[in-house]
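*Asks:* Structure: query.txt, compact mmCIF, C-alpha atoms.
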# COMPACT_ATOMS: atom_id res chain seq x y z
CA MET C 1 -74.94 -120.27 160.35
CA ASP C 2 -77.89 -121.35 158.21
CA ILE C 3 -79.19 -118.64 155.89
CA ALA C 4 -82.42 -119.74 154.23
CA ILE C 5 -83.56 -118.23 150.94
CA PRO C 6 -86.96 -119.64 149.93
CA ILE C 7 -87.46 -119.63 146.17
CA PHE C 8 -90.50 -120.34 144.04
CA ALA C 9 -91.81 -120.27 140.48
CA GLY C 10 -91.93 -116.69 139.27
CA LEU C 11 -89.21 -115.22 141.46
CA THR C 12 -86.99 -112.29 140.49
CA ALA C 13 -83.49 -113.75 140.42
CA LEU C 14 -81.55 -110.68 141.54
CA ASP C 15 -83.76 -110.34 144.65
CA ALA C 16 -82.26 -113.63 145.83
CA ILE C 17 -78.79 -113.48 144.28
CA GLY C 18 -77.85 -110.01 145.55
CA PRO C 19 -78.14 -111.05 149.23
CA TYR C 20 -76.74 -114.52 148.48
CA GLU C 21 -73.59 -113.03 146.96
CA VAL C 22 -73.01 -110.92 150.09
CA LEU C 23 -74.13 -113.27 152.86
CA SER C 24 -72.44 -116.40 151.45
CA ARG C 25 -69.12 -114.62 152.07
CA LEU C 26 -69.72 -114.33 155.83
CA PRO C 27 -67.54 -116.66 157.93
CA ASP C 28 -69.27 -120.01 158.51
CA ALA C 29 -72.26 -118.98 156.41
CA HIS C 30 -74.25 -121.72 154.77
CA VAL C 31 -76.77 -120.27 152.35
CA GLN C 32 -79.50 -122.72 151.44
CA PHE C 33 -82.08 -122.33 148.71
CA LEU C 34 -85.35 -123.94 149.80
CA ALA C 35 -88.79 -124.52 148.31
CA ALA C 36 -91.98 -126.35 149.16
CA GLU C 37 -90.93 -128.80 146.44
CA PRO C 38 -87.15 -128.95 145.87
CA GLY C 39 -85.91 -128.66 142.30
CA PRO C 40 -85.49 -126.00 139.63
CA LYS C 41 -87.61 -122.85 139.96
CA ARG C 42 -88.04 -120.62 136.95
CA THR C 43 -87.91 -116.85 137.16
CA GLU C 44 -90.92 -114.73 136.21
CA ASN C 45 -89.81 -114.41 132.57
CA GLY C 46 -89.06 -118.12 132.28
CA MET C 47 -85.51 -117.51 131.05
CA LEU C 48 -83.63 -118.95 134.04
CA ALA C 49 -83.96 -121.67 136.65
CA LEU C 50 -82.37 -121.59 140.11
CA THR C 51 -82.32 -124.84 142.03
CA ALA C 52 -83.95 -125.24 145.44
CA ASP C 53 -81.77 -127.96 146.95
CA ARG C 54 -83.95 -128.77 149.90
CA GLY C 55 -87.55 -128.67 151.07
CA LEU C 56 -88.81 -126.03 153.47
CA ASP C 57 -89.21 -128.60 156.18
CA ALA C 58 -85.54 -129.59 156.04
CA ILE C 59 -84.49 -126.24 157.55
CA ARG C 60 -86.93 -125.19 160.22
CA THR C 61 -84.74 -122.91 162.33
CA PRO C 62 -82.41 -120.88 160.11
CA GLU C 63 -80.53 -118.04 161.80
CA VAL C 64 -81.34 -115.78 158.85
CA ILE C 65 -84.32 -115.79 156.46
CA VAL C 66 -84.21 -113.78 153.22
CA MET C 67 -87.48 -113.73 151.28
CA PRO C 68 -87.08 -112.63 147.67
CA GLY C 69 -89.87 -111.21 145.50
CA GLY C 70 -91.21 -111.53 142.00
CA TYR C 71 -94.63 -112.06 140.45
CA GLY C 72 -94.70 -115.51 141.98
CA THR C 73 -95.35 -113.87 145.35
CA ARG C 74 -98.96 -113.32 144.23
CA ALA C 75 -99.51 -117.06 144.66
CA LEU C 76 -97.04 -117.43 147.52
CA MET C 77 -99.02 -114.97 149.65
CA HIS C 78 -101.81 -117.54 149.71
CA ASP C 79 -99.64 -120.63 150.12
CA GLU C 80 -100.37 -121.87 153.64
CA HIS C 81 -97.35 -124.18 153.70
CA MET C 82 -94.99 -121.29 152.95
CA LEU C 83 -96.74 -118.88 155.32
CA ALA C 84 -96.66 -121.41 158.17
CA TRP C 85 -92.96 -122.06 157.54
CA VAL C 86 -92.17 -118.33 157.49
CA ARG C 87 -94.12 -117.72 160.70
CA ALA C 88 -92.43 -120.60 162.55
CA ALA C 89 -88.94 -119.83 161.23
CA HIS C 90 -89.34 -116.16 162.11
CA GLU C 91 -90.14 -117.01 165.73
CA ARG C 92 -86.63 -118.35 166.21
CA SER C 93 -84.60 -116.47 163.59
CA ARG C 94 -81.94 -113.93 164.45
CA TRP C 95 -82.85 -111.93 161.36
CA THR C 96 -85.82 -112.01 159.00
CA ALA C 97 -85.34 -110.04 155.79
CA SER C 98 -87.09 -109.44 152.49
CA VAL C 99 -86.28 -107.92 149.13
CA CYS C 100 -88.81 -106.32 146.79
CA THR C 101 -92.24 -108.01 146.92
CA GLY C 102 -90.82 -110.61 149.29
CA ALA C 103 -92.12 -108.13 151.89
CA LEU C 104 -95.67 -109.00 150.78
CA VAL C 105 -95.05 -112.61 151.80
CA LEU C 106 -93.74 -111.53 155.21
CA GLY C 107 -96.81 -109.28 155.46
CA ALA C 108 -99.19 -112.09 154.52
CA ALA C 109 -97.57 -114.19 157.24
CA GLY C 110 -98.41 -111.46 159.75
CA ILE C 111 -94.80 -110.59 160.49
CA LEU C 112 -95.02 -106.93 159.51
CA ASP C 113 -98.09 -106.01 161.60
CA GLY C 114 -97.53 -102.47 162.84
CA LEU C 115 -93.94 -102.38 161.62
CA GLU C 116 -92.41 -99.91 159.21
CA ALA C 117 -91.40 -101.74 156.06
CA THR C 118 -90.57 -101.19 152.41
CA THR C 119 -90.93 -102.99 149.07
CA HIS C 120 -90.70 -102.25 145.33
CA TRP C 121 -92.11 -98.76 144.62
CA ALA C 122 -95.01 -100.18 142.59
CA PHE C 123 -96.25 -102.27 145.54
CA MET C 124 -96.20 -99.84 148.48
CA ASP C 125 -100.02 -99.71 148.69
CA ALA C 126 -100.25 -103.50 148.72
CA LEU C 127 -97.77 -103.56 151.61
CA GLY C 128 -99.94 -101.16 153.59
CA ARG C 129 -102.99 -103.36 153.09
CA LEU C 130 -101.09 -106.22 154.77
CA GLY C 131 -100.69 -104.39 158.08
CA ALA C 132 -97.27 -102.79 157.59
CA ILE C 133 -96.52 -99.09 157.68
CA PRO C 134 -95.02 -98.51 154.22
CA VAL C 135 -91.92 -96.33 154.28
CA LYS C 136 -90.18 -95.11 151.16
CA ARG C 137 -86.59 -95.94 152.07
CA ARG C 138 -84.07 -98.29 150.47
CA VAL C 139 -83.66 -100.42 153.58
CA VAL C 140 -85.89 -100.40 156.67
CA GLU C 141 -84.70 -102.03 159.89
CA GLN C 142 -87.18 -102.75 162.66
CA GLY C 143 -85.69 -104.91 165.38
CA LYS C 144 -84.74 -108.15 163.68
CA VAL C 145 -86.92 -107.49 160.64
CA ILE C 146 -85.21 -105.83 157.67
CA THR C 147 -87.05 -105.07 154.46
CA ALA C 148 -85.49 -103.73 151.27
CA ALA C 149 -86.95 -101.86 148.29
CA GLY C 150 -87.00 -103.22 144.73
CA VAL C 151 -84.77 -105.91 143.22
CA SER C 152 -81.23 -104.44 143.38
CA SER C 153 -81.71 -103.04 146.91
CA GLY C 154 -81.06 -106.49 148.37
CA ILE C 155 -77.32 -105.86 147.94
CA ASP C 156 -77.44 -102.78 150.16
CA MET C 157 -79.66 -104.59 152.65
CA ALA C 158 -77.37 -107.59 152.82
CA LEU C 159 -74.30 -105.43 153.45
CA LEU C 160 -76.08 -103.85 156.40
CA LEU C 161 -77.09 -107.29 157.63
CA ALA C 162 -73.51 -108.55 157.18
CA ALA C 163 -72.30 -105.70 159.40
CA ARG C 164 -74.90 -106.53 162.06
CA ILE C 165 -73.87 -110.21 162.01
CA ALA C 166 -70.08 -110.02 161.64
CA GLY C 167 -69.09 -106.39 162.16
CA GLU C 168 -68.44 -103.47 159.88
CA ASP C 169 -64.93 -104.54 158.82
CA MET C 170 -66.23 -107.84 157.49
CA ALA C 171 -69.10 -106.11 155.66
CA ARG C 172 -66.64 -103.65 154.10
CA ALA C 173 -64.36 -106.50 153.03
CA ILE C 174 -67.30 -108.24 151.37
CA GLN C 175 -68.25 -104.98 149.64
CA LEU C 176 -64.73 -104.84 148.22
CA ALA C 177 -64.71 -108.55 147.33
CA ILE C 178 -67.78 -108.02 145.14
CA GLU C 179 -66.39 -104.64 144.02
CA TYR C 180 -69.62 -102.89 144.95
CA ASP C 181 -68.67 -99.34 144.09
CA PRO C 182 -71.74 -98.56 142.01
CA GLU C 183 -71.56 -96.20 139.06
CA PRO C 184 -74.96 -96.30 137.41
CA PRO C 185 -74.64 -94.66 133.99
CA PHE C 186 -77.97 -92.88 134.59
CA ASP C 187 -79.74 -91.47 137.63
CA SER C 188 -83.26 -92.87 137.29
CA GLY C 189 -83.24 -95.53 139.98
CA SER C 190 -86.03 -94.13 142.12
CA THR C 191 -89.46 -92.68 141.40
CA GLU C 192 -88.29 -89.30 142.73
CA LYS C 193 -85.51 -89.14 140.16
CA ALA C 194 -87.25 -90.45 137.04
CA PRO C 195 -89.51 -88.26 134.87
CA PRO C 196 -93.10 -89.41 134.23
CA GLU C 197 -92.44 -90.96 130.81
CA ILE C 198 -89.64 -93.12 132.26
CA LEU C 199 -91.90 -94.12 135.15
CA GLU C 200 -94.56 -95.22 132.68
CA LEU C 201 -92.05 -97.27 130.69
CA ALA C 202 -90.73 -98.77 133.93
CA ARG C 203 -94.17 -99.96 135.02
CA GLU C 204 -94.29 -102.14 131.92
CA ARG C 205 -90.86 -103.63 132.72
CA SER C 206 -91.22 -104.15 136.47
CA MET X 1 -82.63 -110.85 120.17
CA ASP X 2 -80.61 -113.75 121.55
CA ILE X 3 -78.47 -112.86 124.55
CA ALA X 4 -76.18 -115.73 125.46
CA ILE X 5 -74.77 -116.13 128.97
CA PRO X 6 -72.40 -119.11 129.13
CA ILE X 7 -72.26 -120.62 132.61
CA PHE X 8 -70.00 -123.26 134.11
CA ALA X 9 -69.07 -125.00 137.35
CA GLY X 10 -67.53 -122.50 139.73
CA LEU X 11 -69.16 -119.34 138.41
CA THR X 12 -69.98 -116.28 140.52
CA ALA X 13 -73.76 -116.03 140.35
CA LEU X 14 -74.09 -112.24 140.54
CA ASP X 15 -71.71 -111.83 137.57
CA ALA X 16 -74.37 -113.52 135.44
CA ILE X 17 -77.54 -112.42 137.24
CA GLY X 18 -76.81 -108.69 137.32
CA PRO X 19 -76.68 -108.41 133.51
CA TYR X 20 -79.49 -110.97 133.11
CA GLU X 21 -81.81 -108.89 135.30
CA VAL X 22 -81.17 -105.79 133.17
CA LEU X 23 -80.95 -107.28 129.67
CA SER X 24 -83.92 -109.64 130.04
CA ARG X 25 -86.09 -106.50 130.34
CA LEU X 26 -85.13 -105.22 126.88
CA PRO X 27 -87.92 -105.48 124.30
CA ASP X 28 -87.75 -108.83 122.46
CA ALA X 29 -84.80 -109.98 124.53
CA HIS X 30 -84.32 -113.68 124.93
CA VAL X 31 -81.63 -114.41 127.51
CA GLN X 32 -80.30 -117.94 127.26
CA PHE X 33 -78.04 -119.67 129.74
CA LEU X 34 -75.71 -122.03 127.90
CA ALA X 35 -73.00 -124.52 128.81
CA ALA X 36 -70.85 -127.11 127.12
CA GLU X 37 -73.05 -129.66 128.90
CA PRO X 38 -76.58 -128.36 129.67
CA GLY X 39 -77.86 -128.83 133.21
CA PRO X 40 -77.31 -127.36 136.68
CA LYS X 41 -74.01 -125.52 137.26
CA ARG X 42 -72.90 -124.92 140.83
CA THR X 43 -71.39 -121.64 141.96
CA GLU X 44 -67.85 -121.51 143.34
CA ASN X 45 -69.02 -122.01 146.94
CA GLY X 46 -71.30 -124.90 145.98
CA MET X 47 -74.33 -123.28 147.63
CA LEU X 48 -76.39 -122.64 144.51
CA ALA X 49 -77.06 -124.14 141.09
CA LEU X 50 -78.16 -122.18 138.02
CA THR X 51 -79.45 -124.18 135.08
CA ALA X 52 -77.90 -124.05 131.63
CA ASP X 53 -80.89 -124.84 129.46
CA ARG X 54 -79.03 -125.42 126.23
CA GLY X 55 -75.67 -126.49 124.89
CA LEU X 56 -73.19 -123.99 123.46
CA ASP X 57 -73.72 -125.38 120.00
CA ALA X 58 -77.46 -124.67 120.08
CA ILE X 59 -76.83 -120.89 119.93
CA ARG X 60 -73.97 -120.13 117.60
CA THR X 61 -74.80 -116.56 116.59
CA PRO X 62 -76.19 -114.65 119.56
CA GLU X 63 -76.51 -110.88 119.14
CA VAL X 64 -75.07 -110.38 122.62
CA ILE X 65 -72.59 -112.49 124.61
CA VAL X 66 -72.10 -111.90 128.33
CA MET X 67 -69.27 -113.94 129.89
CA PRO X 68 -69.48 -114.11 133.69
CA GLY X 69 -66.53 -114.88 135.98
CA GLY X 70 -65.74 -116.94 139.04
CA TYR X 71 -63.01 -119.39 140.02
CA GLY X 72 -64.32 -121.77 137.37
CA THR X 73 -62.76 -119.52 134.74
CA ARG X 74 -59.36 -120.99 135.68
CA ALA X 75 -60.44 -124.19 133.94
CA LEU X 76 -62.58 -122.44 131.35
CA MET X 77 -59.57 -120.50 130.06
CA HIS X 78 -58.16 -123.82 128.86
CA ASP X 79 -61.42 -125.31 127.59
CA GLU X 80 -61.00 -125.44 123.80
CA HIS X 81 -64.71 -126.06 123.19
CA MET X 82 -65.64 -122.90 125.09
CA LEU X 83 -62.85 -120.82 123.57
CA ALA X 84 -63.77 -121.89 120.05
CA TRP X 85 -67.42 -121.06 120.71
CA VAL X 86 -66.54 -117.64 122.11
CA ARG X 87 -64.26 -116.84 119.16
CA ALA X 88 -66.85 -117.87 116.57
CA ALA X 89 -69.78 -116.20 118.35
CA HIS X 90 -67.77 -113.00 118.78
CA GLU X 91 -67.12 -112.81 115.04
CA ARG X 92 -70.81 -112.24 114.41
CA SER X 93 -72.03 -110.71 117.68
CA ARG X 94 -73.27 -107.14 117.98
CA TRP X 95 -71.82 -106.95 121.48
CA THR X 96 -69.39 -109.11 123.42
CA ALA X 97 -69.25 -108.39 127.14
CA SER X 98 -67.68 -109.78 130.28
CA VAL X 99 -68.04 -109.34 134.02
CA CYS X 100 -65.26 -109.90 136.55
CA THR X 101 -62.90 -112.74 135.57
CA GLY X 102 -65.10 -113.48 132.57
CA ALA X 103 -62.65 -111.07 130.90
CA LEU X 104 -59.92 -113.69 131.33
CA VAL X 105 -61.95 -116.09 129.18
CA LEU X 106 -62.37 -113.44 126.48
CA GLY X 107 -58.64 -112.79 126.77
CA ALA X 108 -57.79 -116.48 126.48
CA ALA X 109 -59.93 -116.59 123.34
CA GLY X 110 -57.78 -113.80 121.88
CA ILE X 111 -60.60 -111.27 121.78
CA LEU X 112 -58.89 -108.67 123.95
CA ASP X 113 -55.57 -108.49 122.07
CA GLY X 114 -54.44 -104.88 122.20
CA LEU X 115 -57.75 -103.68 123.65
CA GLU X 116 -58.25 -101.80 126.89
CA ALA X 117 -60.21 -103.98 129.28
CA THR X 118 -61.02 -104.44 132.94
CA THR X 119 -61.74 -107.25 135.41
CA HIS X 120 -61.93 -107.84 139.18
CA TRP X 121 -59.22 -105.78 140.94
CA ALA X 122 -57.39 -108.92 142.10
CA PHE X 123 -56.94 -110.16 138.52
CA MET X 124 -55.69 -107.12 136.63
CA ASP X 125 -52.18 -108.58 136.16
CA ALA X 126 -53.60 -111.83 134.79
CA LEU X 127 -55.62 -109.79 132.29
CA GLY X 128 -52.47 -108.04 131.09
CA ARG X 129 -50.73 -111.36 130.54
CA LEU X 130 -53.54 -112.33 128.14
CA GLY X 131 -52.82 -109.48 125.73
CA ALA X 132 -55.26 -106.87 127.00
CA ILE X 133 -54.32 -103.42 128.27
CA PRO X 134 -55.70 -103.49 131.81
CA VAL X 135 -57.55 -100.33 132.78
CA LYS X 136 -58.86 -99.65 136.25
CA ARG X 137 -62.34 -98.47 135.41
CA ARG X 138 -65.76 -99.90 136.29
CA VAL X 139 -66.79 -100.42 132.68
CA VAL X 140 -64.53 -100.28 129.62
CA GLU X 141 -66.05 -100.00 126.15
CA GLN X 142 -63.89 -100.71 123.08
CA GLY X 143 -65.93 -100.93 119.95
CA LYS X 144 -68.33 -103.82 120.46
CA VAL X 145 -66.33 -105.25 123.37
CA ILE X 146 -67.41 -104.17 126.86
CA THR X 147 -65.68 -105.44 129.98
CA ALA X 148 -66.78 -104.77 133.55
CA ALA X 149 -64.88 -104.87 136.85
CA GLY X 150 -65.72 -107.24 139.74
CA VAL X 151 -69.00 -109.07 140.37
CA SER X 152 -71.53 -106.26 141.01
CA SER X 153 -70.23 -104.09 138.17
CA GLY X 154 -72.18 -106.16 135.66
CA ILE X 155 -75.29 -104.19 136.58
CA ASP X 156 -73.67 -100.89 135.57
CA MET X 157 -72.25 -102.49 132.43
CA ALA X 158 -75.61 -103.94 131.41
CA LEU X 159 -77.38 -100.60 131.82
CA LEU X 160 -74.84 -99.03 129.47
CA LEU X 161 -75.34 -101.91 127.05
CA ALA X 162 -79.12 -101.57 127.33
CA ALA X 163 -78.80 -97.91 126.33
CA ARG X 164 -76.60 -98.79 123.35
CA ILE X 165 -79.11 -101.42 122.21
CA ALA X 166 -82.46 -99.78 122.92
CA GLY X 167 -81.77 -96.15 123.78
CA GLU X 168 -81.28 -94.23 126.98
CA ASP X 169 -84.97 -93.97 127.88
CA MET X 170 -85.32 -97.74 127.86
CA ALA X 171 -82.16 -98.16 129.95
CA ARG X 172 -83.43 -95.61 132.47
CA ALA X 173 -86.80 -97.38 132.65
CA ILE X 174 -85.04 -100.67 133.37
CA GLN X 175 -82.93 -98.97 136.04
CA LEU X 176 -86.14 -97.82 137.70
CA ALA X 177 -87.84 -101.20 137.24
CA ILE X 178 -85.05 -102.85 139.22
CA GLU X 179 -84.91 -99.83 141.55
CA TYR X 180 -81.19 -99.45 141.03
CA ASP X 181 -80.59 -96.37 143.15
CA PRO X 182 -77.65 -97.76 145.11
CA GLU X 183 -77.04 -96.73 148.71
CA PRO X 184 -74.15 -98.86 149.92
CA PRO X 185 -74.01 -98.55 153.72
CA PHE X 186 -70.20 -98.27 153.51
CA ASP X 187 -67.75 -96.81 151.02
CA SER X 188 -65.23 -99.61 150.53
CA GLY X 189 -66.19 -100.89 147.13
CA SER X 190 -62.89 -100.18 145.39
CA THR X 191 -59.24 -100.69 146.29
CA GLU X 192 -58.74 -96.91 146.31
CA LYS X 193 -61.37 -96.48 149.00
CA ALA X 194 -60.63 -99.41 151.31
CA PRO X 195 -57.81 -99.31 153.90
CA PRO X 196 -55.13 -102.06 153.80
CA GLU X 197 -56.69 -104.23 156.51
CA ILE X 198 -60.01 -104.31 154.65
CA LEU X 199 -58.16 -105.12 151.41
CA GLU X 200 -56.45 -108.04 153.12
CA LEU X 201 -59.77 -109.37 154.47
CA ALA X 202 -61.33 -108.93 151.03
CA ARG X 203 -58.66 -111.00 149.31
CA GLU X 204 -59.74 -113.97 151.42
CA ARG X 205 -63.38 -113.44 150.47
CA SER X 206 -62.98 -112.73 146.75
Written as structure tokens, how would this file's structure read?
*Replies:*
Amino acid sequence: MDIAIPIFAGLTALDAIGPYEVLSRLPDAHVQFLAAEPGPKRTENGMLALTADRGLDAIRTPEVIVMPGGYGTRALMHDEHMLAWVRAAHERSRWTASVCTGALVLGAAGILDGLEATTHWAFMDALGRLGAIPVKRRVVEQGKVITAAGVSSGIDMALLLAARIAGEDMARAIQLAIEYDPEPPFDSGSTEKAPPEILELARERS
Amino acid sequence: MDIAIPIFAGLTALDAIGPYEVLSRLPDAHVQFLAAEPGPKRTENGMLALTADRGLDAIRTPEVIVMPGGYGTRALMHDEHMLAWVRAAHERSRWTASVCTGALVLGAAGILDGLEATTHWAFMDALGRLGAIPVKRRVVEQGKVITAAGVSSGIDMALLLAARIAGEDMARAIQLAIEYDPEPPFDSGSTEKAPPEILELARERS
């Protein structure tokens, strides 16, 4: 089972690595990191490079697509090569997913037209302008299209996707394998829970 | 503030990327991925390469050390270059942290002697044999040494560390920036919560 994760300059690493860490543990899963130009891709802060091993055109019909986000999506939303690949791959995929502002790329490709979808809380308006119906939930499933909220939400999304693909027992085993029994030391992970001064600080760090 | 994350062949990507995604958002943070030999380091399943930009010897006195885990730690625990670096860096660090089996490397370096510490649930005995007092908690803080449980626990650990370094407001803002408001679709993230058949399946996928 080919699972394609397109990456690009200016991605948010955890958007990609959360789902990778879950989905790579599915039986017969082959996660592949792709880019228009293969090679190292730096994250938005420049501190880390992930390698895209293959070009987009090497994997045209993945069973699963996971589009991560990051500031690099601003350019990616206008990259006709990427948008054409996403559109064509989505036609034959079993599942098309996004994390964070990866949803904006799916939206720019026309995949979210009229569908409920979610993204990072700071980009919900932008998602609406791309034809989606923005919904403030952690994971939104619409047929074969699954969108997740900001950055860390890709782990929750991928566990749901793992259950859809290989059954709940397998998804639960993967949850245990990665010891995903979260205990955040604070409770400020959503805009509903954080006071205004934290929200302001968070905007600068998003 | 230099934050050093040593990486190596056979690492678990999320062990490193969870803390990176949190700590890189601290003011003036400079997260650096290091290795004995700089260059791409493949994860334990071979599906992904992260780049170590610099050699261990380029950063000898980081303020923060985060040691990730993965099957590659089996070799790393006997790598005298790495152990000597860890020992020397720890002498002057403000914080020395590990995620998952990264704790075994700290243990092999002698840093956990007589300290309470944690690691992935499948490796608690191994941790005890290295001189630590294994404790089944998600994050264990002992002076400047902080160890975290399996894979995903590095996010919780790093938020605690962020609060110690830059205050609780900053840590909460980072939590919101990465929208860390976990909603696992299942409740099998610890050995106490998962039934025996899920535990068995998880051992194969750890």
*Asks:* Which one is closest to chain C: X:Leu130, X:Val139, X:Ile165, X:Ala103? Count only C-alpha atoms.
*Replies:*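 So, comparing all the options, the nearest one is X:Val139.
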*Asks:* Define the interface residues of chain X facing chain C as those within 6 Å, counting all atoms listed in the file, and report them as number ranges by chain.
*Replies:* X: 49-51, 150-152, 156, 172-173, 175-181, 184, 188-190, 198, 201-202, 205-206
*Asks:* Selected residues, C-alpha atoms, written as a PDB file, keeping the file's coordinate frame, please.
*Replies:*
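What landed in out_39.pdb:
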ATOM      1  CA  ALA X  49     -77.060-124.140 141.090  1.00  0.00           C
ATOM      2  CA  LEU X  50     -78.160-122.180 138.020  1.00  0.00           C
ATOM      3  CA  THR X  51     -79.450-124.180 135.080  1.00  0.00           C
ATOM      4  CA  GLY X 150     -65.720-107.240 139.740  1.00  0.00           C
ATOM      5  CA  VAL X 151     -69.000-109.070 140.370  1.00  0.00           C
ATOM      6  CA  SER X 152     -71.530-106.260 141.010  1.00  0.00           C
ATOM      7  CA  ASP X 156     -73.670-100.890 135.570  1.00  0.00           C
ATOM      8  CA  ARG X 172     -83.430 -95.610 132.470  1.00  0.00           C
ATOM      9  CA  ALA X 173     -86.800 -97.380 132.650  1.00  0.00           C
ATOM     10  CA  GLN X 175     -82.930 -98.970 136.040  1.00  0.00           C
ATOM     11  CA  LEU X 176     -86.140 -97.820 137.700  1.00  0.00           C
ATOM     12  CA  ALA X 177     -87.840-101.200 137.240  1.00  0.00           C
ATOM     13  CA  ILE X 178     -85.050-102.850 139.220  1.00  0.00           C
ATOM     14  CA  GLU X 179     -84.910 -99.830 141.550  1.00  0.00           C
ATOM     15  CA  TYR X 180     -81.190 -99.450 141.030  1.00  0.00           C
ATOM     16  CA  ASP X 181     -80.590 -96.370 143.150  1.00  0.00           C
ATOM     17  CA  PRO X 184     -74.150 -98.860 149.920  1.00  0.00           C
ATOM     18  CA  SER X 188     -65.230 -99.610 150.530  1.00  0.00           C
ATOM     19  CA  GLY X 189     -66.190-100.890 147.130  1.00  0.00           C
ATOM     20  CA  SER X 190     -62.890-100.180 145.390  1.00  0.00           C
ATOM     21  CA  ILE X 198     -60.010-104.310 154.650  1.00  0.00           C
ATOM     22  CA  LEU X 201     -59.770-109.370 154.470  1.00  0.00           C
ATOM     23  CA  ALA X 202     -61.330-108.930 151.030  1.00  0.00           C
ATOM     24  CA  ARG X 205     -63.380-113.440 150.470  1.00  0.00           C
ATOM     25  CA  SER X 206     -62.980-112.730 146.750  1.00  0.00           C
TER      26      SER X 206
END
*Asks:* Go through X:Pro38, X:Gly102, X:Leu23, X:Glu44 and flag the residue nearest Ala9 of chain X, using all atoms listed in the file for the distances.
*Replies:*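 The closest residue to Ala9 of chain X is X:Glu44.
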*Asks:* Could you name the residues that touch Arg137 of chain C at 10 Å or less, counting only C-alpha atoms, but leaving out those on the same chain fewer than 6 positions away, as a list in words?
*Replies:*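 Result of the neighbour search: Ala117, Thr118, Thr119, Trp121, Thr147, Ala148 and Ala149 of chain C.
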*Asks:* One number please: atom CA of His78 of chain X to atom CA of Leu34 of chain X, in Å, one decimal.
*Replies:*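 Answer for the atom CA of His78 of chain X to atom CA of Leu34 of chain X separation: 17.7 Å.
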*Asks:* Contacts of Arg87 of chain C at 8 Å or less, counting all atoms listed in the file, minus same-chain residues fewer than 5 places along, as a VMD selection string?
*Replies:* chain C and resid 109 to 111
*Asks:* Show me the residues close to (-87.6, -116.3, 167.1) - anything with an atom within 12 Å, counting all atoms listed in the file - and format the list as a PyMOL selection string.
*Replies:* chain C and resi 60-65+86-96+111+143-145
*Asks:* Could you check which of X:Ser98, X:Gly107, X:Ile5, X:Gly114 is closest to Val140 of chain X, using only C-alpha atoms?
*Replies:*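 Comparing X:Ser98, X:Gly107, X:Ile5, X:Gly114 against Val140 of chain X, the winner is X:Ser98.
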*Asks:* One decimal, Å: what's the distance from atom CA of Met77 of chain X over to atom CA of Ala108 of chain X, could you say?
*Replies:*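 Those two atoms sit 5.7 Å apart.
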*Asks:* Can you pull out every residue within 7 Å of Phe8 of chain X, counting only C-alpha atoms, but drop anything in the same chain fewer than 3 positions away, and send it as a ChimeraX atom specification?
*Replies:* /X:11,35,41,72
*Asks:* Please produce a file of those selected residues containing C-alpha atoms, as an mmCIF file, keeping the file's coordinate frame.
*Replies:*
data_model
loop_
_atom_site.group_PDB
_atom_site.id
_atom_site.type_symbol
_atom_site.label_atom_id
_atom_site.label_comp_id
_atom_site.auth_asym_id
_atom_site.auth_seq_id
_atom_site.Cartn_x
_atom_site.Cartn_y
_atom_site.Cartn_z
ATOM 1 C CA LEU X 11 -69.160 -119.340 138.410
ATOM 2 C CA ALA X 35 -73.000 -124.520 128.810
ATOM 3 C CA LYS X 41 -74.010 -125.520 137.260
ATOM 4 C CA GLY X 72 -64.320 -121.770 137.370
#
